[in-house]
Amino acid sequence: MPSTLRKIATAAAVLSVGAFAAGCGGGANGADSEQDLNLQPIAAQGPDPFTESTAESTSTPTPALPPGAGSATPAPGFRSARTVTGSTPGLYGGTQSVASCDVEKQIRFLGGDRAKTRAFADAAGIDPGSIPGFLRGLTPVVLRADTRVTNHGFRDGSATSFQSVLQAGTAVLVDDHGAPRVRCACGNPLKPPSAHQGGWKDKGTPWPGYRGDRVIVVRPTTVVINTLIIVNVTNNTWIERRSGDDGQHDKRRPDIHIDPTKPPVPEPPSPSPSASPSTSPSPSPDCPTPTVTVTETPASPPPQSSPASPQSAPPSPQSPPASSPSGCPTATKTVTPTPSEPAPSSSPPSPAVPSPDTSAPSDLPSLPSDMPSLPSDMPSGPGSDPFGPSSESENV
């Protein structure tokens with residue numbers, strides 16, 4: 001009998017342990033976690049951290065809302081898409097010449113556990129042997145806006161996955177496309193957030209200034225970024241930090257005149273197809289290429305002394321252009337012809353007689369005014385030249 005009681009007690013204990021494990025094992029991987037948005041303050045490690053914290057900075061406050069932003073609490077489940085490109089100046093912050101994360105300590109933490117090394121590499125999408133080079137190629141910065149990411153934890157020898165919102169001021173390591181890849185407070189690998197499906201519900205205690213509709217999503221750039229333009233969180237000045245650098249080669253950028261106290265500017269949303277444009281509608285893709293129609297404005301004819309000669313027949317009218325769909329553009333050009341010389345008349349013009357220039361001196365001798373006139377009955381014909389040789393000269 002005692003042995004039977006012992007068997008029953010052992011079975012009950014096994015069932016209770018199994019029920020407890022089932023209740024705690026769901027966590028971020030259960031069905032409910034797909035709709036949860038884990039709120040993670042700056043220094044909180046969160047569920048299932050990979051390593052101890054390697055963060056060096058945990059004091060940056062959440063930036064104020066942009067001017068004109070409302071203060072009303074958004075409806076539950078509402079999440080506006082506020083995407084910011086990874087190369088946007090002011091998306092990240094830091095302290096000049098100071099790294100926000102200890103990368104070498106992160107490498108030592110992961111290198112001491114083979115299971116964590118494999119799980120980290122699997123979540124980050126890299127080879128386990130390339131972890132040191134991967135981490136050293138990242139840039140330590142801090143977030144300047146509440147940022148949504150896909151977070152990863154470590155449990156039972158493998159990586160978990162859950163959606164998180166990281167508070168502004170969180171120390172992260174970003175890659176050369178401007179995307180957060182590691183959260184330094186827990187050593188967790190990070191990836192872009194999953195697609196929005198259904199309503200999200202915040203899980204955790206919101207921090208002061210948190211608003212779900214002001215959370216941003218970082219869009220990695222399509223090209224490699226060699227430097228990041230970040231804000232010095234100690235004095236609100238601009239810094240240029242090389243990708244993969246710990247801040248030792250930071251450069252001040254006083255030539256940047258963007259207000260560093262403003263949060264990063266999100267990308268403009270794509271225009272809605274149903275929204276009416278403020279300007280005239282774009283031509284339909286079916287519109288033909290517009291033909292230029294030239295309209296001549298005749299110039300005033302010059303005054304003529306003689307009646308104008310009959311003009312040539314007017315040109316035949318052009319055929320009207322083919323009809324175009326409504327809204328298609330047309331092109332009309334008005335041309336004023338340059339005045340030209342009048343057309344010649346039917347009778348040939350008389351030759352122009354130049355008038356003598358009396359002011360110019362002449363080398364020709366003037367004729368005497370009392371020169372005798374020639375007789376009117378002068379003989380004509382051969383030998384009648386009055387200035388020919390006389391008979392007296394022939395007899396000499």
# chains A, B, ... in the order shown; residues from 1 in each chain; ligands from 1

$ select_by_dssp --residues "region 148-189 of chain A" --states "strand (DSSP E)" --output "NGL selection string"
:A and (148-151 or 154-155 or 158-159 or 162-166 or 171-174 or 180-183 or 188-189)

$ select_by_dssp --residues "region 110-248 of chain A" --states "helix (DSSP H, G or I)" --output "PyMOL selection string"
chain A and resi 110-111+114-124+128-136+212-214

$ residues_around --residues "Arg219 (chain A)" --least-positions-apart "3" --cutoff "8 Å" --atoms "only C-alpha atoms" --output "ChimeraX atom specification"
/A:83-86,178-179,192

$ closest_residue --among "A:Gln163, A:Thr221, A:Thr95, A:Gln106" --to "Lys201 (chain A)" --atoms "only C-alpha atoms"
A:Gln163

$ atom_distance --atom1 "CA of Gln45 (chain A)" --atom2 "CA of Ser161 (chain A)"
14.6 Å

$ closest_atom_pairs --of "region 220-261 of chain A" --to "region 125-143 of chain A" --cutoff "10 Å" --atoms "only C-alpha atoms" --output "tab-separated table"
residue	atom	partner	partner_atom	distance
A:Thr227	CA	A:Thr139	CA	9.5
A:Leu228	CA	A:Thr139	CA	8.8
A:Ile230	CA	A:Val141	CA	8.2
A:Val231	CA	A:Val142	CA	9.6
A:Val233	CA	A:Val142	CA	9.2
A:Arg241	CA	A:Thr139	CA	8.3
A:Arg242	CA	A:Thr139	CA	7.7
A:Ser243	CA	A:Thr139	CA	5.5
A:Gly244	CA	A:Gly137	CA	4.3
A:Asp245	CA	A:Thr139	CA	5.9
A:Asp246	CA	A:Pro140	CA	6.3
A:Gly247	CA	A:Pro140	CA	8.1

$ write_last_selection --atoms "N, CA, C and O atoms" --output "compact mmCIF listing (two decimals), in the first residue's frame"
# COMPACT_ATOMS: atom_id res chain seq x y z
N THR A 227 30.06 56.62 -43.24
CA THR A 227 30.02 57.43 -42.02
C THR A 227 28.57 57.67 -41.62
O THR A 227 27.67 57.65 -42.45
N LEU A 228 28.36 57.91 -40.34
CA LEU A 228 27.06 58.28 -39.80
C LEU A 228 27.15 59.69 -39.23
O LEU A 228 28.14 60.05 -38.59
N ILE A 230 25.71 61.83 -36.51
CA ILE A 230 24.97 61.63 -35.27
C ILE A 230 25.00 62.91 -34.43
O ILE A 230 25.78 63.84 -34.70
N VAL A 231 24.16 62.95 -33.41
CA VAL A 231 24.07 64.10 -32.51
C VAL A 231 24.86 63.81 -31.24
O VAL A 231 24.71 62.73 -30.63
N VAL A 233 25.01 63.89 -27.71
CA VAL A 233 23.92 64.03 -26.74
C VAL A 233 24.32 64.86 -25.53
O VAL A 233 23.46 65.22 -24.71
N ARG A 241 30.78 60.07 -37.51
CA ARG A 241 31.42 58.87 -36.97
C ARG A 241 31.57 57.83 -38.07
O ARG A 241 30.61 57.50 -38.77
N ARG A 242 32.77 57.28 -38.21
CA ARG A 242 33.00 56.26 -39.20
C ARG A 242 32.26 54.97 -38.86
O ARG A 242 32.10 54.63 -37.68
N SER A 243 31.86 54.25 -39.89
CA SER A 243 31.24 52.95 -39.67
C SER A 243 32.27 51.99 -39.11
O SER A 243 33.39 51.90 -39.61
N GLY A 244 31.90 51.28 -38.05
CA GLY A 244 32.80 50.34 -37.43
C GLY A 244 33.79 50.96 -36.47
O GLY A 244 34.65 50.26 -35.94
N ASP A 245 33.69 52.25 -36.22
CA ASP A 245 34.61 52.95 -35.33
C ASP A 245 33.98 53.11 -33.95
O ASP A 245 32.75 53.26 -33.82
N ASP A 246 34.81 53.08 -32.91
CA ASP A 246 34.31 53.21 -31.55
C ASP A 246 34.23 54.66 -31.08
O ASP A 246 34.01 54.92 -29.89
N GLY A 247 34.42 55.60 -31.99
CA GLY A 247 34.32 57.01 -31.64
C GLY A 247 35.66 57.70 -31.52
O GLY A 247 35.71 58.93 -31.35

$ closest_residue --among "A:Lys251, A:Arg214, A:His257, A:Lys105" --to "Asp146 (chain A)" --atoms "only C-alpha atoms"
A:Arg214

$ residues_around --residues "Thr234 (chain A)" --least-positions-apart "5" --cutoff "10 Å" --atoms "only C-alpha atoms" --output "PyMOL selection string"
chain A and resi 60+93-96

$ write_last_selection --atoms "N, CA and C atoms" --output "PDB file, in the first residue's frame"
ATOM      1  N   THR A  60      20.108  58.882 -22.089  1.00  0.00           N
ATOM      2  CA  THR A  60      19.538  59.798 -23.075  1.00  0.00           C
ATOM      3  C   THR A  60      18.017  59.796 -22.970  1.00  0.00           C
ATOM      4  N   GLY A  93      22.461  58.999 -31.923  1.00  0.00           N
ATOM      5  CA  GLY A  93      23.239  59.933 -31.129  1.00  0.00           C
ATOM      6  C   GLY A  93      24.417  59.225 -30.493  1.00  0.00           C
ATOM      7  N   GLY A  94      25.172  59.973 -29.723  1.00  0.00           N
ATOM      8  CA  GLY A  94      26.325  59.420 -29.023  1.00  0.00           C
ATOM      9  C   GLY A  94      27.097  60.528 -28.357  1.00  0.00           C
ATOM     10  N   THR A  95      28.183  60.154 -27.716  1.00  0.00           N
ATOM     11  CA  THR A  95      29.084  61.110 -27.092  1.00  0.00           C
ATOM     12  C   THR A  95      30.393  61.102 -27.862  1.00  0.00           C
ATOM     13  N   GLN A  96      30.902  62.285 -28.164  1.00  0.00           N
ATOM     14  CA  GLN A  96      32.105  62.367 -28.983  1.00  0.00           C
ATOM     15  C   GLN A  96      33.258  61.606 -28.335  1.00  0.00           C
TER      16      GLN A  96
END

$ residues_around --residues "Arg253 (chain A)" --least-positions-apart "3" --cutoff "7 Å" --atoms "only C-alpha atoms" --output "mmCIF file with C-alpha atoms, in the first residue's frame"
data_model
loop_
_atom_site.group_PDB
_atom_site.id
_atom_site.type_symbol
_atom_site.label_atom_id
_atom_site.label_comp_id
_atom_site.auth_asym_id
_atom_site.auth_seq_id
_atom_site.Cartn_x
_atom_site.Cartn_y
_atom_site.Cartn_z
ATOM 1 C CA TRP A 238 26.835 67.270 -34.821
ATOM 2 C CA ILE A 239 29.410 64.494 -35.083
ATOM 3 C CA GLU A 240 30.617 62.443 -38.015
ATOM 4 C CA ILE A 256 25.497 71.134 -40.495
#
